[in-house]
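Next comes structure20.tsv, a file with TSV, C-alpha atoms and all ligand atoms.
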chain	number	residue	atom	x	y	z
A	19	MET	CA	38.73	130.43	8.96
A	20	VAL	CA	39.59	133.98	8.18
A	21	ASP	CA	40.46	133.45	4.56
A	22	ARG	CA	42.35	136.44	3.26
A	23	ALA	CA	42.18	135.22	-0.32
A	24	HIS	CA	38.70	136.36	-1.30
A	25	PRO	CA	38.18	140.14	-1.53
A	26	VAL	CA	34.44	139.96	-0.73
A	27	THR	CA	35.12	137.90	2.37
A	28	GLU	CA	37.93	140.21	3.37
A	29	GLN	CA	35.68	143.25	3.01
A	30	ARG	CA	32.86	141.66	5.01
A	31	HIS	CA	35.35	140.75	7.71
A	32	ALA	CA	36.77	144.29	7.77
A	33	ASP	CA	33.24	145.70	8.07
A	34	LEU	CA	32.62	143.89	11.38
A	35	ARG	CA	32.24	146.54	14.09
A	36	SER	CA	33.80	145.96	17.48
A	37	PRO	CA	31.76	147.18	20.46
A	38	LEU	CA	34.94	148.32	22.23
A	39	PRO	CA	35.21	152.02	23.01
A	40	GLU	CA	37.34	153.80	20.48
A	41	HIS	CA	40.34	154.28	22.77
A	42	GLU	CA	40.56	150.53	23.42
A	43	ARG	CA	40.36	149.29	19.86
A	44	ASP	CA	44.00	149.90	18.99
A	45	LEU	CA	45.38	148.53	22.26
A	46	PRO	CA	47.65	145.50	21.90
A	47	VAL	CA	46.32	142.01	22.51
A	48	ASP	CA	47.74	139.92	25.31
A	49	VAL	CA	46.78	136.34	25.97
A	50	SER	CA	44.94	136.96	29.23
A	51	TRP	CA	42.79	139.72	27.69
A	52	LEU	CA	42.13	137.45	24.69
A	53	ARG	CA	41.07	134.58	26.97
A	54	ARG	CA	38.62	136.80	28.87
A	55	ARG	CA	37.26	138.15	25.60
A	56	ALA	CA	36.92	134.66	24.10
A	57	LYS	CA	34.85	133.61	27.14
A	58	LEU	CA	32.37	136.39	26.33
A	59	PHE	CA	31.96	135.09	22.79
A	60	ALA	CA	31.50	131.56	24.13
A	61	THR	CA	28.85	132.90	26.52
A	62	VAL	CA	26.78	134.85	24.01
A	63	SER	CA	27.00	132.09	21.39
A	64	GLU	CA	26.38	129.32	23.96
A	65	ARG	CA	29.17	127.44	22.21
A	66	ASN	CA	32.22	126.59	24.25
A	67	PHE	CA	35.67	126.33	22.66
A	68	HIS	CA	39.30	126.11	23.67
A	69	LEU	CA	41.34	129.12	22.72
A	70	VAL	CA	44.79	128.25	21.40
A	71	THR	CA	47.48	130.81	20.65
A	72	ASP	CA	50.30	128.29	20.35
A	73	LEU	CA	50.00	127.50	16.65
A	74	ALA	CA	52.45	124.60	16.82
A	75	ALA	CA	50.26	122.99	19.49
A	76	TYR	CA	47.18	123.60	17.35
A	77	ALA	CA	48.87	121.97	14.35
A	78	SER	CA	49.92	119.01	16.41
A	79	ILE	CA	46.44	118.44	17.89
A	80	SER	CA	44.54	119.00	14.65
A	81	GLY	CA	47.06	117.13	12.51
A	82	MET	CA	46.95	119.96	9.99
A	83	PRO	CA	49.61	122.57	9.42
A	84	TYR	CA	48.60	126.02	10.61
A	85	LEU	CA	48.81	128.34	7.63
A	86	SER	CA	50.74	131.39	8.73
A	87	HIS	CA	48.64	133.84	6.68
A	88	TYR	CA	45.47	132.87	8.56
A	89	ALA	CA	44.52	135.22	11.35
A	90	ALA	CA	42.42	132.55	13.00
A	91	GLN	CA	41.03	129.07	12.48
A	92	VAL	CA	38.71	126.58	14.15
A	93	TYR	CA	39.08	122.83	14.40
A	94	LEU	CA	36.00	120.71	15.06
A	95	GLY	CA	37.67	117.31	14.98
A	96	PRO	CA	37.25	114.56	12.39
A	97	LYS	CA	33.78	114.22	10.81
A	98	THR	CA	33.13	110.91	12.53
A	99	ALA	CA	34.39	112.00	15.95
A	100	ARG	CA	33.69	115.67	16.52
A	101	LEU	CA	35.35	117.25	19.52
A	102	LYS	CA	32.94	118.07	22.33
A	103	VAL	CA	34.77	121.35	22.71
A	104	PRO	CA	36.33	122.57	19.45
A	105	LEU	CA	39.62	124.45	19.21
A	106	MET	CA	39.97	128.03	18.11
A	107	ALA	CA	43.43	129.19	17.13
A	108	ILE	CA	44.20	132.89	17.02
A	109	ASN	CA	47.42	133.95	15.34
A	110	LEU	CA	48.79	136.74	17.51
A	111	GLY	CA	51.38	137.44	14.84
A	112	LEU	CA	48.56	138.81	12.66
A	113	VAL	CA	45.90	139.76	15.20
A	114	THR	CA	47.68	142.63	16.90
A	115	THR	CA	44.91	144.98	18.05
A	116	ARG	CA	41.84	144.37	20.20
A	117	GLU	CA	39.63	145.48	17.35
A	118	GLU	CA	41.18	142.83	15.09
A	119	ALA	CA	40.84	140.28	17.88
A	120	ASP	CA	37.13	141.06	18.22
A	121	ARG	CA	36.66	140.58	14.48
A	122	ALA	CA	38.58	137.29	14.52
A	123	LEU	CA	36.69	135.97	17.58
A	124	ALA	CA	33.33	136.91	16.07
A	125	HIS	CA	34.23	135.42	12.70
A	126	GLU	CA	35.44	132.09	14.14
A	127	THR	CA	32.64	131.81	16.69
A	128	MET	CA	30.21	132.34	13.81
A	129	HIS	CA	31.79	129.33	12.04
A	130	LEU	CA	31.20	127.24	15.16
A	131	VAL	CA	27.58	128.34	15.53
A	132	VAL	CA	26.46	128.33	11.89
A	133	PRO	CA	29.06	126.30	9.97
A	134	SER	CA	26.78	125.94	6.95
A	135	TYR	CA	26.72	129.70	6.36
A	136	GLY	CA	30.26	129.73	4.99
A	137	HIS	CA	31.24	133.30	4.18
A	138	LYS	CA	27.83	134.50	2.95
A	139	ALA	CA	26.44	137.87	3.96
A	140	ALA	CA	24.22	136.07	6.51
A	141	ALA	CA	27.32	134.61	8.13
A	142	PHE	CA	28.75	138.06	8.75
A	143	ALA	CA	25.39	139.36	9.95
A	144	ARG	CA	25.55	136.60	12.57
A	145	ALA	CA	29.14	137.52	13.45
A	146	GLN	CA	28.04	141.14	13.90
A	147	LEU	CA	25.18	140.02	16.14
A	148	LEU	CA	27.68	138.18	18.34
A	149	LEU	CA	29.77	141.36	18.59
A	150	ASP	CA	26.69	143.38	19.50
A	151	GLN	CA	25.74	140.83	22.17
A	152	VAL	CA	29.27	140.94	23.62
A	153	GLY	CA	28.92	144.73	23.69
A	154	GLN	CA	25.63	144.46	25.62
A	155	LEU	CA	27.22	142.00	28.04
A	156	THR	CA	30.13	144.31	28.78
A	157	THR	CA	28.10	147.51	29.15
A	158	ALA	CA	25.32	145.96	31.25
A	159	PRO	CA	25.20	147.26	34.84
A	160	ALA	CA	26.68	144.86	37.36
B	1	ZN	ZN	35.99	132.15	7.81
Represent the structure contained in this file as structure tokens.
Ligand SMILES: [Zn+2]
Amino acid sequence: MVDRAHPVTEQRHADLRSPLPEHERDLPVDVSWLRRRAKLFATVSERNFHLVTDLAAYASISGMPYLSHYAAQVYLGPKTARLKVPLMAINLGLVTTREEADRALAHETMHLVVPSYGHKAAAFARAQLLLDQVGQLTTAPA
């Protein structure tokens, strides 16, 4: 999850660099853009997930309250019965620009790919790699 409590984690998260061109970074996030973007992260990470922006639905499926100060969160299912396709909730109340959305998607996808990394520097290096790969995917000639 994007835990805003720890300053080191917060700084590492803020240091993630979106591959979007500068004029797109501050554009607002709508659900259809977010869904297309999330697909790119699923592709480069080879880890599929369901994107959820309805936080009440996420809370009801996961059985855990969605904490309103979290920008994003993933749910893998109970330890003994992991979901085949995990859920990723993005809080559009907090994630308001495409740059922030890229950081949140990279951060949460990283948790799905390397859950044991926690919030170590290596975890954010992986998140940055995912962003770079999404950038290569979107600038590659058709
Ligand atoms: Zn996190």
Select all residues near (38.8, 124.7, 10.4) (cut-off 10 Å, inclusive, file coordinates), counting all atoms listed in the file, and output them as an NGL selection string. :A and (19-20 or 80 or 82 or 84 or 90-95 or 104-107 or 126 or 129-130 or 133)
I'd like the contact shell of segment 65-77 of chain A - 12 Å cut-off, only C-alpha atoms, skipping same-chain residues fewer than 3 positions apart - returned as number ranges by chain. A: 47-62, 80-95, 101-113, 119, 122-123, 126-132, 148
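Ranking A:Leu38, A:Leu147, A:Ala141, A:Leu155 by their shortest atom-to-atom distance to ligand ZN 1 (chain B), with all atoms listed in the file included, puts A:Ala141 first.
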So, with all atoms listed in the file as the atoms that count, which of A:Thr98, A:Thr156, A:Ser134, A:Gln151 lies closest to ligand ZN 1 (chain B)?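 Among A:Thr98, A:Thr156, A:Ser134, A:Gln151, it is A:Ser134 that comes nearest to ligand ZN 1 (chain B).
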How many Å lie between atom CA of Gly153 of chain A and atom CA of Pro25 of chain A, rounded to one decimal? 27.3 Å
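The two atoms in question, atom CA of Leu34 of chain A and atom CA of Glu117 of chain A, are spaced 9.3 Å apart.
With all atoms listed in the file as the basis for measurement, A:Ala139 is the residue among A:Ala139, A:Leu149, A:Leu45, A:Ala99 that approaches Glu28 of chain A most closely.
For the set A:His24, A:Arg100, A:His137, A:Arg30, the residue with the smallest atom-to-atom gap to ligand ZN 1 (chain B) is A:His137, counting only C-alpha atoms and all ligand atoms.
Among the candidates A:Asp120, A:Ile79, A:Thr157, A:Val152, the one nearest to Pro46 of chain A when counting only C-alpha atoms is A:Asp120.
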Can you tell me how far atom CA of Gln154 of chain A sits from atom CA of Gly136 of chain A, in Å to one decimal? 25.8 Å
Reconstructed segment 81-93 of chain A, atom set N, CA and C atoms, as a PDB file, in the coordinates of the input:
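Done, and the output landed in result-v4.pdb:
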ATOM      1  N   GLY A  81      46.432 117.927  13.555  1.00  0.00           N
ATOM      2  CA  GLY A  81      47.060 117.130  12.510  1.00  0.00           C
ATOM      3  C   GLY A  81      47.138 117.857  11.178  1.00  0.00           C
ATOM      4  N   MET A  82      46.883 119.162  11.217  1.00  0.00           N
ATOM      5  CA  MET A  82      46.950 119.960   9.990  1.00  0.00           C
ATOM      6  C   MET A  82      47.907 121.122  10.214  1.00  0.00           C
ATOM      7  N   PRO A  83      48.703 121.444   9.221  1.00  0.00           N
ATOM      8  CA  PRO A  83      49.610 122.570   9.420  1.00  0.00           C
ATOM      9  C   PRO A  83      48.809 123.860   9.586  1.00  0.00           C
ATOM     10  N   TYR A  84      49.261 124.731  10.486  1.00  0.00           N
ATOM     11  CA  TYR A  84      48.600 126.020  10.610  1.00  0.00           C
ATOM     12  C   TYR A  84      49.180 126.939   9.548  1.00  0.00           C
ATOM     13  N   LEU A  85      48.329 127.478   8.709  1.00  0.00           N
ATOM     14  CA  LEU A  85      48.810 128.340   7.630  1.00  0.00           C
ATOM     15  C   LEU A  85      49.073 129.727   8.183  1.00  0.00           C
ATOM     16  N   SER A  86      50.293 130.194   8.015  1.00  0.00           N
ATOM     17  CA  SER A  86      50.740 131.390   8.730  1.00  0.00           C
ATOM     18  C   SER A  86      50.020 132.658   8.270  1.00  0.00           C
ATOM     19  N   HIS A  87      49.354 132.631   7.100  1.00  0.00           N
ATOM     20  CA  HIS A  87      48.640 133.840   6.680  1.00  0.00           C
ATOM     21  C   HIS A  87      47.205 133.870   7.202  1.00  0.00           C
ATOM     22  N   TYR A  88      46.792 132.844   7.942  1.00  0.00           N
ATOM     23  CA  TYR A  88      45.470 132.870   8.560  1.00  0.00           C
ATOM     24  C   TYR A  88      45.515 133.578   9.902  1.00  0.00           C
ATOM     25  N   ALA A  89      44.592 134.505  10.077  1.00  0.00           N
ATOM     26  CA  ALA A  89      44.520 135.220  11.350  1.00  0.00           C
ATOM     27  C   ALA A  89      43.960 134.310  12.438  1.00  0.00           C
ATOM     28  N   ALA A  90      43.075 133.409  12.019  1.00  0.00           N
ATOM     29  CA  ALA A  90      42.420 132.550  13.000  1.00  0.00           C
ATOM     30  C   ALA A  90      41.821 131.335  12.292  1.00  0.00           C
ATOM     31  N   GLN A  91      41.536 130.307  13.065  1.00  0.00           N
ATOM     32  CA  GLN A  91      41.030 129.070  12.480  1.00  0.00           C
ATOM     33  C   GLN A  91      40.329 128.262  13.561  1.00  0.00           C
ATOM     34  N   VAL A  92      39.319 127.489  13.169  1.00  0.00           N
ATOM     35  CA  VAL A  92      38.710 126.580  14.150  1.00  0.00           C
ATOM     36  C   VAL A  92      38.892 125.140  13.686  1.00  0.00           C
ATOM     37  N   TYR A  93      38.959 124.265  14.665  1.00  0.00           N
ATOM     38  CA  TYR A  93      39.080 122.830  14.400  1.00  0.00           C
ATOM     39  C   TYR A  93      38.009 122.097  15.192  1.00  0.00           C
TER      40      TYR A  93
END
